[in-house]
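J.: As input, take query.cif (mmCIF, C-alpha atoms):
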```
data_input
loop_
_atom_site.label_atom_id
_atom_site.label_comp_id
_atom_site.auth_asym_id
_atom_site.auth_seq_id
_atom_site.Cartn_x
_atom_site.Cartn_y
_atom_site.Cartn_z
CA MET K 1 -18.31 10.22 57.86
CA ALA K 2 -20.38 7.67 59.64
CA GLU K 3 -19.83 4.06 58.62
CA VAL K 4 -22.11 1.09 58.50
CA HIS K 5 -21.10 -2.55 58.11
CA VAL K 6 -23.78 -4.94 56.91
CA ILE K 7 -22.52 -8.48 57.34
CA GLY K 8 -24.60 -11.61 57.16
CA GLN K 9 -26.19 -14.23 54.98
CA ILE K 10 -29.20 -14.82 52.82
CA VAL K 11 -30.05 -18.05 54.56
CA GLY K 12 -32.71 -19.36 52.21
CA ALA K 13 -36.33 -19.29 51.23
CA SER K 14 -39.41 -21.16 52.31
CA GLY K 15 -43.05 -21.30 51.41
CA PHE K 16 -42.66 -21.15 47.65
CA SER K 17 -44.70 -23.56 45.60
CA GLU K 18 -41.79 -24.13 43.26
CA SER K 19 -38.61 -25.93 44.25
CA SER K 20 -35.16 -25.34 42.67
CA LEU K 21 -34.97 -21.70 43.61
CA PHE K 22 -32.33 -19.03 43.26
CA CYS K 23 -32.31 -15.44 44.32
CA LYS K 24 -30.97 -12.27 42.74
CA TRP K 25 -30.34 -9.75 45.46
CA GLY K 26 -29.28 -6.15 45.50
CA ILE K 27 -28.96 -3.27 47.93
CA HIS K 28 -30.31 0.18 47.24
CA THR K 29 -29.19 3.27 49.12
CA GLY K 30 -29.77 7.00 48.91
CA ALA K 31 -27.47 9.48 47.23
CA ALA K 32 -25.56 10.33 50.42
CA TRP K 33 -24.33 6.74 50.83
CA LYS K 34 -21.10 5.48 49.37
CA LEU K 35 -20.12 1.82 49.11
CA LEU K 36 -16.55 1.42 50.33
CA SER K 37 -16.16 -2.36 50.08
CA GLY K 38 -18.26 -5.28 48.98
CA VAL K 39 -20.50 -6.02 46.04
CA ARG K 40 -23.80 -4.28 45.76
CA GLU K 41 -25.68 -7.09 44.12
CA GLY K 42 -25.37 -10.75 43.37
CA GLN K 43 -27.08 -13.98 42.60
CA THR K 44 -27.21 -17.13 44.68
CA GLN K 45 -26.86 -20.66 43.44
CA VAL K 46 -29.89 -22.76 42.51
CA ASP K 47 -30.89 -24.97 45.37
CA THR K 48 -33.23 -27.96 45.37
CA PRO K 49 -34.50 -29.08 48.76
CA GLN K 50 -34.30 -32.78 49.39
CA ILE K 51 -35.83 -32.71 52.83
CA GLY K 52 -38.53 -30.24 53.72
CA ASP K 53 -39.47 -27.28 51.59
CA MET K 54 -36.83 -24.75 52.56
CA ALA K 55 -34.19 -23.96 49.95
CA TYR K 56 -30.90 -23.01 51.57
CA TRP K 57 -28.44 -20.67 49.91
CA SER K 58 -26.24 -19.45 52.80
CA HIS K 59 -25.16 -16.62 50.53
CA PRO K 60 -22.74 -14.26 52.31
CA ILE K 61 -23.25 -10.52 52.33
CA ASP K 62 -20.47 -8.19 53.46
CA LEU K 63 -20.87 -4.49 52.76
CA HIS K 64 -19.15 -1.42 54.10
CA PHE K 65 -20.88 1.92 53.60
CA ALA K 66 -19.91 5.46 54.47
CA THR K 67 -22.65 8.03 54.76
CA LYS K 68 -23.26 11.68 55.41
CA GLY K 69 -26.95 11.38 56.15
CA LEU K 70 -29.66 9.03 57.31
CA GLN K 71 -31.83 9.52 54.24
CA GLY K 72 -31.86 6.54 51.96
CA TRP K 73 -31.06 3.97 54.64
CA PRO K 74 -30.06 0.78 52.78
CA ARG K 75 -32.74 -1.54 51.53
CA LEU K 76 -32.10 -5.10 50.44
CA HIS K 77 -34.25 -6.27 47.58
CA PHE K 78 -34.72 -9.76 46.18
CA GLN K 79 -36.02 -11.50 43.13
CA VAL K 80 -36.62 -15.18 43.71
CA TRP K 81 -36.72 -17.31 40.59
CA SER K 82 -37.27 -20.99 40.05
CA GLN K 83 -35.44 -23.08 37.50
CA ASP K 84 -36.94 -26.22 36.00
CA SER K 85 -35.17 -29.30 34.71
CA PHE K 86 -34.91 -27.78 31.24
CA GLY K 87 -33.04 -24.77 32.57
CA ARG K 88 -35.90 -22.31 32.09
CA CYS K 89 -36.36 -19.67 34.76
CA GLN K 90 -39.66 -18.42 36.09
CA LEU K 91 -40.29 -15.63 38.54
CA ALA K 92 -41.38 -16.80 41.98
CA GLY K 93 -41.46 -13.53 43.90
CA TYR K 94 -40.15 -10.03 44.53
CA GLY K 95 -39.45 -8.70 48.01
CA PHE K 96 -37.50 -6.09 49.90
CA CYS K 97 -36.64 -5.25 53.46
CA HIS K 98 -34.80 -2.41 55.13
CA VAL K 99 -31.45 -3.18 56.68
CA PRO K 100 -32.00 -2.93 60.46
CA SER K 101 -30.85 0.26 62.13
CA SER K 102 -29.75 -1.04 65.50
CA PRO K 103 -26.39 -2.75 65.90
CA GLY K 104 -26.39 -6.47 66.52
CA THR K 105 -27.57 -9.60 64.82
CA HIS K 106 -31.06 -9.76 63.35
CA GLN K 107 -33.12 -12.55 61.85
CA LEU K 108 -35.21 -11.16 59.04
CA ALA K 109 -38.07 -12.79 57.19
CA CYS K 110 -38.93 -10.94 54.03
CA PRO K 111 -42.28 -11.77 52.40
CA THR K 112 -42.46 -11.81 48.60
CA TRP K 113 -45.11 -11.19 45.98
CA ARG K 114 -45.40 -11.71 42.28
CA PRO K 115 -47.42 -9.82 39.72
CA LEU K 116 -50.56 -11.55 38.50
CA GLY K 117 -51.55 -10.81 34.98
CA SER K 118 -54.88 -11.12 33.27
CA TRP K 119 -56.68 -14.46 33.53
CA ARG K 120 -55.16 -15.43 30.20
CA GLU K 121 -51.67 -14.81 31.48
CA GLN K 122 -52.38 -16.74 34.64
CA LEU K 123 -53.61 -19.72 32.64
CA ALA K 124 -50.58 -19.56 30.38
CA ARG K 125 -48.31 -19.44 33.39
CA ALA K 126 -49.92 -22.54 34.83
CA PHE K 127 -49.46 -24.54 31.66
CA VAL K 128 -46.51 -23.13 29.82
CA GLY K 129 -44.70 -21.07 32.43
CA GLY K 130 -43.42 -17.53 32.19
CA GLY K 131 -45.75 -14.94 33.55
CA PRO K 132 -45.51 -11.16 33.94
CA GLN K 133 -42.41 -9.52 35.37
CA LEU K 134 -41.62 -5.97 36.38
CA LEU K 135 -39.94 -3.82 33.75
CA HIS K 136 -38.30 -1.57 36.29
CA GLY K 137 -36.68 -3.19 39.26
CA ASP K 138 -37.08 -0.16 41.49
CA THR K 139 -40.79 -0.87 41.97
CA ILE K 140 -39.65 -3.70 44.25
CA TYR K 141 -38.41 -1.30 46.90
CA SER K 142 -40.33 1.89 46.18
CA GLY K 143 -43.96 2.65 46.77
CA ALA K 144 -44.56 4.79 43.74
CA ASP K 145 -46.80 3.27 41.07
CA ARG K 146 -47.57 0.22 43.14
CA TYR K 147 -51.26 0.98 42.85
CA ARG K 148 -51.13 -0.22 39.27
CA LEU K 149 -50.24 -3.75 40.26
CA HIS K 150 -52.35 -6.74 41.17
CA THR K 151 -50.17 -9.29 42.89
CA ALA K 152 -50.26 -12.65 44.64
CA ALA K 153 -48.17 -13.77 47.59
CA GLY K 154 -45.00 -15.78 47.17
CA GLY K 155 -42.94 -17.42 49.91
CA THR K 156 -40.53 -15.87 52.43
CA VAL K 157 -36.83 -15.08 52.13
CA HIS K 158 -34.91 -15.60 55.37
CA LEU K 159 -31.86 -13.53 56.21
CA GLU K 160 -29.51 -13.17 59.08
CA ILE K 161 -27.94 -9.73 59.09
CA SER K 162 -25.57 -8.18 61.59
CA LEU K 163 -24.98 -4.51 61.74
CA LEU K 164 -21.97 -2.59 63.01
CA LEU K 165 -22.16 1.17 63.21
CA ARG K 166 -19.30 3.57 63.59
CA ASN K 167 -19.04 7.30 64.30
CA PHE K 168 -22.77 7.87 64.47
CA ASP K 169 -22.41 9.55 67.84
CA ARG K 170 -20.23 12.23 66.29
CA TYR K 171 -23.22 13.32 64.26
CA GLY K 172 -25.58 13.19 67.17
CA VAL K 173 -27.30 9.97 66.22
CA GLU K 174 -27.90 7.58 69.06
CA CYS K 175 -27.71 3.90 68.30
CA MET R 1 -9.27 16.84 62.42
CA ALA R 2 -6.26 14.57 62.24
CA THR R 3 -6.96 11.21 60.63
CA ALA R 4 -6.99 8.42 63.17
CA SER R 5 -4.42 5.67 62.72
CA PRO R 6 -6.05 2.29 62.09
CA SER R 7 -6.96 0.63 65.33
CA VAL R 8 -6.28 -3.04 65.63
CA PHE R 9 -8.83 -5.24 67.32
CA LEU R 10 -8.76 -8.89 68.20
CA LEU R 11 -11.40 -11.51 67.68
CA MET R 12 -11.01 -14.69 69.68
CA VAL R 13 -13.10 -17.69 68.70
CA ASN R 14 -13.30 -20.68 71.01
CA GLY R 15 -15.77 -23.36 70.30
CA GLN R 16 -16.49 -26.73 68.81
CA VAL R 17 -18.16 -28.42 65.93
CA GLU R 18 -20.53 -30.30 68.15
CA SER R 19 -22.70 -32.63 66.11
CA ALA R 20 -24.61 -33.19 62.91
CA GLN R 21 -27.76 -34.83 61.68
CA PHE R 22 -27.59 -36.50 58.31
CA PRO R 23 -30.51 -38.89 58.02
CA GLU R 24 -29.14 -40.77 55.01
CA TYR R 25 -25.42 -41.04 55.69
CA ASP R 26 -23.15 -42.49 58.33
CA ASP R 27 -19.44 -42.64 59.22
CA LEU R 28 -18.73 -39.01 58.47
CA TYR R 29 -15.86 -36.67 59.20
CA CYS R 30 -15.72 -32.94 58.80
CA LYS R 31 -13.09 -30.38 57.86
CA TYR R 32 -13.27 -26.74 58.84
CA CYS R 33 -11.39 -23.73 57.54
CA PHE R 34 -11.77 -19.97 57.85
CA VAL R 35 -12.25 -17.50 55.04
CA TYR R 36 -11.58 -13.85 55.77
CA GLY R 37 -10.86 -10.56 54.05
CA GLN R 38 -7.55 -8.92 53.30
CA ASP R 39 -7.51 -6.86 56.46
CA TRP R 40 -7.68 -9.94 58.68
CA ALA R 41 -4.93 -12.25 59.83
CA PRO R 42 -4.92 -15.18 62.26
CA THR R 43 -2.58 -14.56 65.16
CA ALA R 44 -3.02 -17.69 67.21
CA GLY R 45 -4.53 -21.11 66.90
CA LEU R 46 -5.26 -23.27 63.90
CA GLU R 47 -7.33 -22.01 61.03
CA GLU R 48 -7.96 -25.45 59.56
CA GLY R 49 -8.67 -28.88 60.92
CA ILE R 50 -9.95 -32.36 60.18
CA SER R 51 -12.08 -34.21 62.67
CA GLN R 52 -12.37 -37.87 63.52
CA ILE R 53 -14.75 -40.21 61.70
CA THR R 54 -17.90 -40.70 63.69
CA SER R 55 -20.85 -43.06 63.48
CA LYS R 56 -24.47 -42.41 64.29
CA SER R 57 -25.67 -43.00 67.77
CA GLN R 58 -27.80 -46.09 68.21
CA ASP R 59 -30.61 -44.32 69.98
CA MET R 60 -33.56 -42.44 68.56
CA ARG R 61 -31.66 -39.20 68.06
CA GLN R 62 -29.47 -40.68 65.31
CA VAL R 63 -26.94 -37.95 65.82
CA LEU R 64 -23.29 -37.85 64.70
CA VAL R 65 -21.10 -36.33 67.38
CA TRP R 66 -17.66 -34.85 66.71
CA ASN R 67 -17.10 -32.50 69.62
CA PHE R 68 -14.24 -31.08 67.56
CA PRO R 69 -12.47 -28.06 69.07
CA ILE R 70 -12.00 -24.75 67.28
CA ASP R 71 -9.57 -22.31 68.78
CA VAL R 72 -8.35 -19.34 66.80
CA THR R 73 -7.69 -15.65 67.28
CA PHE R 74 -7.80 -13.08 64.48
CA LYS R 75 -6.59 -9.54 64.38
CA SER R 76 -7.91 -6.89 62.06
CA THR R 77 -8.36 -3.20 61.44
CA ASN R 78 -11.64 -3.41 59.55
CA PRO R 79 -14.84 -5.41 60.00
CA TYR R 80 -15.10 -5.86 56.25
CA GLY R 81 -14.21 -9.45 55.46
CA TRP R 82 -15.43 -10.72 58.82
CA PRO R 83 -14.27 -14.34 59.08
CA GLN R 84 -16.53 -17.12 57.98
CA ILE R 85 -16.10 -20.70 58.98
CA VAL R 86 -16.52 -23.17 56.13
CA LEU R 87 -17.39 -26.75 56.98
CA SER R 88 -17.13 -29.69 54.58
CA VAL R 89 -18.46 -33.08 55.55
CA TYR R 90 -17.23 -36.27 53.87
CA GLY R 91 -18.19 -39.90 54.15
CA PRO R 92 -18.00 -43.24 52.35
CA ASP R 93 -20.46 -44.18 49.64
CA VAL R 94 -21.79 -47.65 48.82
CA PHE R 95 -18.55 -48.64 47.11
CA GLY R 96 -16.28 -47.34 49.85
CA ASN R 97 -15.08 -44.15 48.13
CA ASP R 98 -14.74 -40.97 50.14
CA VAL R 99 -17.30 -38.52 48.81
CA VAL R 100 -18.48 -35.11 49.88
CA ARG R 101 -21.75 -35.07 51.79
CA GLY R 102 -22.17 -31.36 52.41
CA TYR R 103 -20.67 -27.90 52.48
CA GLY R 104 -21.79 -25.05 54.68
CA ALA R 105 -20.54 -21.67 55.77
CA VAL R 106 -21.49 -19.11 58.38
CA HIS R 107 -20.00 -15.90 59.74
CA VAL R 108 -18.29 -16.06 63.10
CA PRO R 109 -20.69 -14.46 65.64
CA PHE R 110 -20.47 -10.70 66.03
CA SER R 111 -20.92 -10.22 69.71
CA PRO R 112 -19.17 -11.61 72.74
CA GLY R 113 -20.87 -14.44 74.49
CA ARG R 114 -22.12 -17.91 73.88
CA HIS R 115 -23.69 -18.69 70.55
CA LYS R 116 -25.14 -21.87 69.20
CA ARG R 117 -25.53 -22.10 65.45
CA THR R 118 -27.07 -24.72 63.26
CA ILE R 119 -26.02 -24.51 59.67
CA PRO R 120 -27.61 -26.13 56.65
CA MET R 121 -25.36 -28.10 54.31
CA PHE R 122 -25.57 -28.50 50.58
CA VAL R 123 -23.82 -30.47 47.84
CA PRO R 124 -23.20 -29.53 44.22
CA GLU R 125 -25.49 -31.35 41.84
CA SER R 126 -24.48 -33.04 38.60
CA THR R 127 -25.73 -31.23 35.54
CA SER R 128 -27.12 -34.23 33.73
CA LYS R 129 -28.70 -37.53 34.70
CA MET R 130 -25.92 -39.38 32.92
CA GLN R 131 -23.32 -37.59 34.91
CA LYS R 132 -25.27 -38.25 38.07
CA PHE R 133 -25.23 -41.96 37.39
CA THR R 134 -21.54 -42.05 36.44
CA SER R 135 -20.57 -40.12 39.51
CA TRP R 136 -22.61 -42.41 41.73
CA PHE R 137 -21.03 -45.43 40.09
CA THR R 138 -17.40 -44.31 40.08
CA GLY R 139 -17.54 -42.43 43.35
CA ARG R 140 -16.33 -39.20 41.74
CA ARG R 141 -19.06 -36.80 42.77
CA PRO R 142 -19.04 -33.12 41.84
CA GLU R 143 -16.96 -31.44 44.46
CA TYR R 144 -15.39 -28.01 44.91
CA THR R 145 -11.65 -27.93 44.27
CA ASP R 146 -11.41 -25.31 46.97
CA PRO R 147 -14.15 -25.42 49.64
CA LYS R 148 -13.50 -21.74 50.35
CA VAL R 149 -15.66 -20.96 47.33
CA VAL R 150 -18.65 -21.69 49.57
CA ALA R 151 -17.93 -18.56 51.58
CA GLN R 152 -17.86 -16.24 48.60
CA GLY R 153 -20.76 -14.42 47.09
CA GLU R 154 -19.54 -13.98 43.56
CA GLY R 155 -19.71 -16.66 40.92
CA ARG R 156 -22.48 -18.68 42.41
CA GLU R 157 -24.91 -18.10 39.61
CA ASP R 158 -23.84 -21.11 37.65
CA GLU R 159 -24.09 -23.59 40.44
CA ASN R 160 -26.88 -25.98 41.12
CA THR R 161 -26.95 -27.49 44.51
CA GLU R 162 -28.98 -30.23 45.99
CA ALA R 163 -30.45 -28.63 48.90
CA GLU R 164 -29.48 -29.44 52.19
CA ILE R 165 -29.98 -33.04 51.76
CA PRO R 166 -29.66 -33.34 55.36
CA ARG R 167 -30.08 -30.53 57.70
CA SER R 168 -26.76 -30.68 59.34
CA THR R 169 -26.72 -29.35 62.79
CA TRP R 170 -23.59 -27.60 63.66
CA VAL R 171 -23.40 -26.31 67.09
CA CYS R 172 -20.65 -23.97 68.04
CA LEU R 173 -20.17 -22.57 71.47
CA CYS R 174 -18.14 -19.46 70.97
CA PRO R 175 -17.28 -17.30 73.90
CA ILE R 176 -15.45 -14.30 72.52
CA PRO R 177 -14.24 -12.10 75.35
CA ALA R 178 -11.67 -9.99 73.48
CA LEU R 179 -13.82 -8.45 70.80
CA MET R 180 -13.94 -5.03 69.23
CA LEU R 181 -11.85 -3.14 71.68
CA SER R 182 -11.88 0.57 71.04
CA PHE R 183 -13.03 0.27 67.49
CA CYS R 184 -13.46 4.04 67.30
CA PRO R 185 -10.25 5.75 68.26
CA GLN R 186 -10.49 9.46 68.98
#
```
As C-alpha cells, how would this structure be written, given the file I've shared?
T.:
Amino acid sequence: MAEVHVIGQIVGASGFSESSLFCKWGIHTGAAWKLLSGVREGQTQVDTPQIGDMAYWSHPIDLHFATKGLQGWPRLHFQVWSQDSFGRCQLAGYGFCHVPSSPGTHQLACPTWRPLGSWREQLARAFVGGGPQLLHGDTIYSGADRYRLHTAAGGTVHLEISLLLRNFDRYGVEC
Amino acid sequence: MATASPSVFLLMVNGQVESAQFPEYDDLYCKYCFVYGQDWAPTAGLEEGISQITSKSQDMRQVLVWNFPIDVTFKSTNPYGWPQIVLSVYGPDVFGNDVVRGYGAVHVPFSPGRHKRTIPMFVPESTSKMQKFTSWFTGRRPEYTDPKVVAQGEGREDENTEAEIPRSTWVCLCPIPALMLSFCPQ
C-alpha cells in the first residue's frame, strides 16, 4: 500500500473582523484511505492577538495514511469561530483545502466564507450575535448543494504542511 | 512479497536559536526541548537546554540575541511523530519574579539544507479579570506545568491564549545532511 505522511501546523488566521479566534479542523479522505496514526480532527486553542491582526495557533498536525488509490485525496477542512468575553461562540468562516500532492513543504493560505442569512438574520447577527451555520459539515469540502447558499467572505487560514510519500512508484504514480 | 524489516533513518539537526523580538519585554532567556513520537529516539546531542539571559540591543532593531546552539541527532523508523522543537521564553516582571513570556513550537524541517524559521509565541491567558490582576500582582502567571503540551494537538480546546504578544523571531539554521536514507527498502 502506498503511504502518505501529512506533517505540519495550522499556523494561524488573518483577515477576520473578529479577534479571539479558534479553529476546528478535520481531514476528509475517500474510502480507499486508511488512517494509520494521528488524529483525524481537532480544535485549536482560542487566541487573541495583541499585536497585529493575525491570530496564531501553531497547532500541530501529524497524520499517517495508507491508501490503495488516488481517489479521495485528503482534504483539510476548517471552521473558524470567534469567542467573546462572555464565552459565547460565533461562526467566523468555513474553508477547506486539498493536501498538496507533491512531497516537500508547502505554505497554504485557505480562504474562508460564512453563510449569510436573510436581512433579518444579518441584522440580528450584528446586534445579538449568532447567525446561520451549516447543518451538515460536508458542504464545507464538497461542491454538491452549494448553489443553495449565499455567503460572504471571511479571513484566511494559514497552514504549513509537509508531505512525505512512500511506495507510490510501485503503483506507477510519479511524484 | 516478503515484508520489509523496518529501516532506520537518522535525522541530524544542527542550528541555533538566533534571536527574538519582544517589543514589551527585556532581559529574557529561553529554554528549548524536543517533543517526538514513540518511534523516535535521540542518539546524540542534548534534547533540552537553557540559554543565557539577554538584553535588548540599544539600536533601532531592539532585538534580543541568544545565538544558542542546538545540536541533536534522532533515529527513527517512521516519520509519524516527527520531532518538534518547543521554545519557552521567560523574563522578569515589574516585581522581579521570573514569569513566562511566550511558548512556541514548530516541526524540525523536513528536507536537508539551510532553513530559517520565525515562530510566533503565545502565553496562556487568565480566565477572569480578577485572576489576571492577582497573577500580575503576585508574579504567578498562568503557565504550563509541562511546556511539551504546546507541541500536542489534543486538549487545546479549553485554552485561551493571548496571542503572540510579541512576534518572537526564532531563527534556526539547520543543515541536515544525514536525512531519510533509504526510507523505502526493497
J.: Under the rule that all atoms listed in the file are counted, which of K:Gln9, K:Gln90, K:Gln79, K:Thr67 is the nearest residue to chain R?
T.: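 Distance minimum relative to chain R lands on K:Gln9.
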J.: Any idea which chain K residues end up within 8 Å of chain R if we count all atoms listed in the file, as a ChimeraX atom specification please?
T.: /K:5,7-9,37-38,42-51,55-56,58-64,104-105,162,166-167
J.: Suppose a student applies the PyMOL selection byres ((chain K and resi 114-126) around 10) to this structure; what residues should they get, written as a ChimeraX atom specification?
T.: /K:79-80,90-95,112-113,127-134,149-155
J.: How would the residues just chosen look if you wrote them out with C-alpha atoms as a tab-separated table (two decimals), in the frame of the given file?
T.:
```tsv
chain	number	residue	atom	x	y	z
K	79	GLN	CA	-36.02	-11.50	43.13
K	80	VAL	CA	-36.62	-15.18	43.71
K	90	GLN	CA	-39.66	-18.42	36.09
K	91	LEU	CA	-40.29	-15.63	38.54
K	92	ALA	CA	-41.38	-16.80	41.98
K	93	GLY	CA	-41.46	-13.53	43.90
K	94	TYR	CA	-40.15	-10.03	44.53
K	95	GLY	CA	-39.45	-8.70	48.01
K	112	THR	CA	-42.46	-11.81	48.60
K	113	TRP	CA	-45.11	-11.19	45.98
K	127	PHE	CA	-49.46	-24.54	31.66
K	128	VAL	CA	-46.51	-23.13	29.82
K	129	GLY	CA	-44.70	-21.07	32.43
K	130	GLY	CA	-43.42	-17.53	32.19
K	131	GLY	CA	-45.75	-14.94	33.55
K	132	PRO	CA	-45.51	-11.16	33.94
K	133	GLN	CA	-42.41	-9.52	35.37
K	134	LEU	CA	-41.62	-5.97	36.38
K	149	LEU	CA	-50.24	-3.75	40.26
K	150	HIS	CA	-52.35	-6.74	41.17
K	151	THR	CA	-50.17	-9.29	42.89
K	152	ALA	CA	-50.26	-12.65	44.64
K	153	ALA	CA	-48.17	-13.77	47.59
K	154	GLY	CA	-45.00	-15.78	47.17
K	155	GLY	CA	-42.94	-17.42	49.91
```
J.: Would you mind telling me which residue in R:Thr138, R:Gln52, R:Thr145, R:Thr43 lies nearest to Gly96 of chain R when using only C-alpha atoms?
T.: R:Thr138
J.: Which residues, written as JSON, numbers by chain, have at least one atom at most 8 Å from Ser14 of chain K, with only C-alpha atoms counted and residues fewer than 2 positions away on the same chain left out?
T.: {"K": [12, 16, 53, 54, 55, 155, 156, 157, 158]}
J.: Take the residues just selected and output them with C-alpha atoms as a JSON list (two decimals), in the frame of the given file.
T.:
```json
[["chain", "number", "residue", "atom", "x", "y", "z"],
["K", 12, "GLY", "CA", -32.71, -19.36, 52.21],
["K", 16, "PHE", "CA", -42.66, -21.15, 47.65],
["K", 53, "ASP", "CA", -39.47, -27.28, 51.59],
["K", 54, "MET", "CA", -36.83, -24.75, 52.56],
["K", 55, "ALA", "CA", -34.19, -23.96, 49.95],
["K", 155, "GLY", "CA", -42.94, -17.42, 49.91],
["K", 156, "THR", "CA", -40.53, -15.87, 52.43],
["K", 157, "VAL", "CA", -36.83, -15.08, 52.13],
["K", 158, "HIS", "CA", -34.91, -15.60, 55.37]]
```
J.: Name all residues at most 12 Å from Ser135 of chain R (count all atoms listed in the file; drop same-chain ones fewer than 3 positions away) and give them as a list in words.
T.: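 Listing them by chain and then by number gives Asp93, Phe95, Asn97, Val99, Val100, Pro124, Glu125, Ser126, Thr127, Ser128, Lys129, Met130, Gln131, Lys132, Thr138, Gly139, Arg140, Arg141, Pro142 and Glu143 of chain R.
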J.: Could you check which of K:Cys23, K:Glu174, K:Ser142, K:Asp169 is closest to Gln83 of chain K, using only C-alpha atoms?
T.: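 Result for the nearest residue to Gln83 of chain K: K:Cys23.
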